[in-house]
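*Asks:* Please read through the structure below; I'll follow up with questions.
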Amino acid sequence: MEDSKNIAKTYDPSQFEDRLYQTWCEKGYFHAVPDPDKKPYTIVIPPPNVTGQLHMGHALDETLQDILIRYKRMQGYCALWVPGTDHAGIATQIKVEEELRVKEGKTRYDLGRDKFLERVWEWKKLYGNRIINQLKKIGSSCDWDRERFTMDEGCSKAVREVFVNLYNKGLIYQGSRIINWCPHCITALSDAEVEHAEHEGHFWHIKYRVENSDEFVVIATTRPETLFGDTAVAVNPEDERYKNLVGKTLILPLVGRRIPVIADEYVDKDFGTGCVKITPAHDPNDFEVGQRHNLEQIKVMNDDATMNAYAGKYEGLDRYECRKRMIEDLEKEGLLVKVEPHSHNVGQCYRCGTTVEPIISKQWFVKMKPLAQPAIDAVKNGETEFVPTHFEKVYFHWLENIRDWCISRQLWWGHRIPAFYCEDCGKMTVSKEDITVCPHCSGKVTQDPDTLDTWFSSALWPFSTLGWPEKTEDYDYFYPTSTLVTGYDIIPFWVMRMMFSGIEHTGQVPFKHVFIHGLVRDAKGRKMSKSLGNGIDPLEIVDKYGADALRFTLATGNAPGNDMRFSTERVEASRNFANKIWNASRFTLMNLDITENHLPKADDLGIEDKWLISKYNRLVREVTENLDKFELGIAVAKLYDFIWDNFCDWYIELVKPRLYDKGSKTAECAQYVLTYVLSNTMKLLHPFMPFITEEIWQHLPHTGESIMISKFPEYDPALDFPEAEKAIEMIMAAIGAIRNRRAEMNVPPSKKASLLIVTDYPQIFENGVSFFKKLAGADDVSILPDRSKVPANAVNIVVNGAELFLPLAELVDKDKELERLMKEKKELEGEIKRVEGKLSNQGFISKAPEKVVAEEREKGEKYRAMLEKVLVSINDIKQL
RNA sequence: GGGAGUUUAGCUCAGCUGGGAGAGCGUCUGCCUUACAAGCAGGAUGUCACAGGUUCGAGCCCUGUAACUCCCACCA
């Protein structure tokens, strides 16, 4: 490929993407080694679930990270992108259990803990590489030598270190509290793992008799089956209706247990009946009421949500079956007053969708208040910044209202809690190392059977992956990391927890910037999901359109933090852009005789060369600025416009005549400009579209091995040519106006015409003669000082700086011409009126910046000059 | 009940610190012009949700309203 100037006619990414990726890997370009002469730039990947498959959300996330990493690497940073995967406790365990059930009809209990875990590890080995390979397909320049897994040795060590440290500081404790229990997964869940959905339920009004009396109270409940766990009925102390009831005893229906009536402020007089059944073991509020009044906690369900012995004759029934039967029985006994439809929020397990049961349970918790405050402060004082900033509000809201974090899970797949219980003395020991013997009495110990919440290990990811708690070279050099890139949906799960963990354990915030993106939705705006079947597989897109097209699509047309709709039409547009680049490069290569890549001397440059270089130079500055502000979409849009409009549609067309003048000095100069600007533009675009840019760069004259380790272009004030820009733009406007007129008059492109230019800027238009011939259908161009030699009856066009005449007498329709001129006159007069209005406004003159005022004056002059010419033309035409 | 976001061309969306409304797709007209029909040239289409306010000047800033979306929340 080195010398070949003949590249394929059509862009076909499958011809080079895999090959280039392999080369990059083999050359070790992705591998970062701490280098004291460079500044570090670090990103740790949000680790995808080991057993997962790459979806569009990942593709977006990885693309954004890769753009940043490649950009910084080219800027000379020691750029490290740490890849890895997450063991994803519940999700993975469910999948393996499911497979076990389907294939062998067994449960995890049939296998036992050790055998089951072996199966999960096998599964992990089988599928763990799938997602990694998928990341490679889209071009991710991760340092694969540093690939990590949340349950590898190092991460596990970090987990234990953190657990023990927090425990010793009193920030981890074990306690019986109301937690969210998933009866399907048979485990506790954290608050963040519960999704709430509006549910059409009922409000059952049930009579509780007052002991030794004919009186009764009516309570209203949405979960009647918890009645068996009632240990009181509460009323508001201010509620006149029930004042005399407080202190009396009620008889619990169906089971006949005696419970007291208590008064507690928690009760809202105006809601329901004003009487609330209190079930401390099954409701968080009731739990607190129970604490205040020293009530017994009666758990009425088993772990699988079947009723236990407290439910009397309903024992063994599923919670909903029990509900149905007891309602029937209550009705028979005349204790059911009424049933109202009632919609309320029901919590569901975020993994399996089962309605969670609030239940009292002994679990491990992290005390959050002391950890939350420093994490809030770190963002408030700017140590860590969110992009866009408004996501800080979400972050604050979570941390300010945080409750203790339930970290124990009754799962087998995960980090086992490092707490050991002595069978002899009963004491508990929390230890970083596995122990078999009790340090107090030398008795036999058994480890806590529970595992930790997956997010407990994810929270340590930015430093556990760099070697912490060891003081490694990597950790010293690369930590704290630079930027975290993730979706707004996991701020509460992950970002927040990394923040407080980083601050607590390393004394530093884990990252400087949190770059938040939105969700990828389908073309109709729906969330992509398996159940809807509307997911688009990123790999299919890569196969069909190439990774660059996918990346371009994901990086563009969307503001940071906003959701984006994904449609194949947009990918096609991206692919077309790649094809455009491909062909512009092909054109350049076809016309290349030079073997070096640098700019010609300024003296040799044509006006169009200077124009392009000047435009390119501004592009460099703006793209750099945008990238530094995380405005990736704006940066890439500017690259698109520059390449398509300036480079392809104008510059290439402008220099064609020169290039065809084979062997001339001017042709050579154009070749240098094409080569230099194209190859440097490829560098600017490389972070976004790594493959095509590398492929093209390799074909162009270059020094160095690869574009990805070349230097990112820098703005150079010496390359600004404002005069040339103005001149070319004047010519471009004239060409545009001629094309417009010809199209309007249906002049076929093949029909050439003479062009007469009356202008005060003869020099500029002299420079443009060949351009008018090439691009405006002119076969003969005359530049005149005034209108004296202009034939009557010529088509007339007024543009900025000149008046153009096309002697196409036979095509001129006098009435139409007059109509058009009148329209132009009206438009110009409108503009002049607007400008004059502004300029006659004292406030504008005195308060607007000088530059703006000057610009308006300039516009005014320009329009007046044009209007004058239009008036003359109108006069002329009338006299014909 | 709190909080956030969105509202700009037929569709999907840009519009950075306020200074004459943009892109892609679609659509219409004409072109196979020796890089590209995955293309070229030209055209049409907008009370920037609504109402106030600040300002010389508002798509952009402030207040309020409406619609849609999302997140959070222990009214049983």
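Identifiers for the structure tokens are assigned positionally: chains receive A, B, ... in sequence, residues are indexed from 1 per chain, and ligands are indexed from 1 in the order shown.
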Select residues of chain A: the criterion is any atom within 7 Å of an atom of chain B, counting only C-alpha atoms (C1' of nucleotides); output as a ChimeraX atom specification.
*Replies:* /A:220-221,271,276,284-285,557-558,576,579-580,583-584,586-587,740,743,841,843-844,847-848,852
*Asks:* Taking the DSSP assignment computed from this structure's backbone, write out as a VMD selection string all residues of region 373-574 of chain A that belong to alpha helix (DSSP H).
*Replies:* chain A and resid 373 to 380 391 to 400 454 to 458 461 to 464 473 to 478 496 to 506 538 to 545 547 to 555 568 to 574
*Asks:* Just asking: which residues within region 35-204 of chain A are strand (DSSP E) according to DSSP, as a PyMOL selection string?
*Replies:* chain A and resi 40-44+78-82+84-85+148-149+172-182+187-189+194-204
*Asks:* Tell me which protein, DNA and RNA residues are within 12 Å of Asp152 (chain A), counting only C-alpha atoms (C1' of nucleotides), leaving out same-chain ones fewer than 4 positions away, and put them as a VMD selection string.
*Replies:* chain A and resid 84 to 87 121 124 147 to 148 156 to 159 414 to 415 457 461 464 to 465 467
*Asks:* Quick one: write out the picked residues with C-alpha atoms as a PDB file, in the first residue's frame?
*Replies:*
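As a result, result_1.pdb now contains:
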ATOM      1  CA  GLY A  84     -12.028  -3.982  31.822  1.00  0.00           C
ATOM      2  CA  THR A  85     -15.244  -5.687  32.714  1.00  0.00           C
ATOM      3  CA  ASP A  86     -17.573  -5.927  35.672  1.00  0.00           C
ATOM      4  CA  HIS A  87     -18.687  -9.184  37.281  1.00  0.00           C
ATOM      5  CA  TRP A 121     -16.321 -18.668  36.071  1.00  0.00           C
ATOM      6  CA  LYS A 124     -17.239 -15.734  32.328  1.00  0.00           C
ATOM      7  CA  GLU A 147      -7.249  -5.102  31.112  1.00  0.00           C
ATOM      8  CA  ARG A 148      -8.938  -5.651  34.462  1.00  0.00           C
ATOM      9  CA  SER A 156     -10.588  -8.151  45.206  1.00  0.00           C
ATOM     10  CA  LYS A 157      -7.736  -7.026  47.365  1.00  0.00           C
ATOM     11  CA  ALA A 158      -8.890  -3.433  47.087  1.00  0.00           C
ATOM     12  CA  VAL A 159     -12.412  -4.469  48.034  1.00  0.00           C
ATOM     13  CA  GLY A 414     -19.448 -11.621  43.953  1.00  0.00           C
ATOM     14  CA  HIS A 415     -16.953 -10.537  46.570  1.00  0.00           C
ATOM     15  CA  SER A 457     -16.234  -2.948  43.749  1.00  0.00           C
ATOM     16  CA  TRP A 461     -12.527   1.085  39.879  1.00  0.00           C
ATOM     17  CA  SER A 464      -8.199  -0.419  42.139  1.00  0.00           C
ATOM     18  CA  THR A 465      -7.351  -0.791  38.450  1.00  0.00           C
ATOM     19  CA  GLY A 467      -2.821  -0.916  41.664  1.00  0.00           C
TER      20      GLY A 467
END
*Asks:* Would you mind listing what lies within 10 Å of region 44-48 of chain B as number ranges by chain, with only C-alpha atoms (C1' of nucleotides) counted and same-chain residues fewer than 2 positions away left out?
*Replies:* B: 7-10, 21, 27-28, 59
*Asks:* Those same residues, written as a CSV table (one decimal), in the first residue's frame with N, CA, C and O atoms (P, O5', C5', C4', C3', O3' and C1' of nucleotides)?
*Replies:*
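This is the output file out25.csv:
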chain,number,residue,atom,x,y,z
B,7,U,P,-35.1,22.2,22.7
B,7,U,O5',-36.6,22.3,22.2
B,7,U,C5',-37.2,21.3,21.4
B,7,U,C4',-38.7,21.6,21.3
B,7,U,C3',-39.0,22.9,20.6
B,7,U,O3',-39.9,22.8,19.6
B,7,U,C1',-40.1,22.7,22.8
B,8,U,P,-39.4,22.5,18.1
B,8,U,O5',-38.5,23.8,17.8
B,8,U,C5',-39.1,25.0,17.4
B,8,U,C4',-38.2,25.7,16.5
B,8,U,C3',-37.8,25.0,15.2
B,8,U,O3',-38.8,25.0,14.2
B,8,U,C1',-35.9,26.0,16.2
B,9,A,P,-38.8,23.7,13.3
B,9,A,O5',-38.5,24.3,11.8
B,9,A,C5',-39.4,25.1,11.1
B,9,A,C4',-39.4,24.8,9.7
B,9,A,C3',-39.6,23.3,9.4
B,9,A,O3',-40.4,23.1,8.3
B,9,A,C1',-37.6,24.0,8.5
B,10,G,P,-41.9,23.0,8.3
B,10,G,O5',-42.1,21.4,8.3
B,10,G,C5',-43.5,20.9,8.3
B,10,G,C4',-43.4,19.4,7.9
B,10,G,C3',-42.4,18.6,8.8
B,10,G,O3',-43.0,18.1,9.9
B,10,G,C1',-41.9,18.3,6.5
B,21,A,P,-31.2,36.5,11.8
B,21,A,O5',-30.1,35.8,10.8
B,21,A,C5',-30.6,34.8,10.0
B,21,A,C4',-30.5,33.5,10.7
B,21,A,C3',-30.4,32.3,9.8
B,21,A,O3',-29.1,32.0,9.5
B,21,A,C1',-31.8,31.9,11.7
B,27,U,P,-37.2,12.5,-1.6
B,27,U,O5',-37.8,13.9,-1.8
B,27,U,C5',-39.2,14.1,-1.5
B,27,U,C4',-39.5,15.6,-1.7
B,27,U,C3',-39.1,16.2,-3.0
B,27,U,O3',-40.1,15.9,-4.0
B,27,U,C1',-38.5,17.7,-1.3
B,28,C,P,-39.6,15.4,-5.5
B,28,C,O5',-39.4,16.9,-6.2
B,28,C,C5',-40.5,17.7,-6.3
B,28,C,C4',-40.1,19.1,-6.8
B,28,C,C3',-39.1,19.1,-7.9
B,28,C,O3',-39.7,18.9,-9.2
B,28,C,C1',-38.3,20.6,-6.3
B,59,G,P,-34.5,36.6,18.9
B,59,G,O5',-34.5,35.0,19.0
B,59,G,C5',-35.6,34.3,19.7
B,59,G,C4',-35.2,33.0,20.1
B,59,G,C3',-34.3,33.0,21.3
B,59,G,O3',-35.1,33.0,22.5
B,59,G,C1',-33.4,31.6,19.7
*Asks:* For the atom pair CA of Leu550 (chain A) and CA of Ile43 (chain A), what is the interatomic distance in Å to one decimal place?
*Replies:*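 Rounded to one decimal, the two atoms are 21.6 Å apart.
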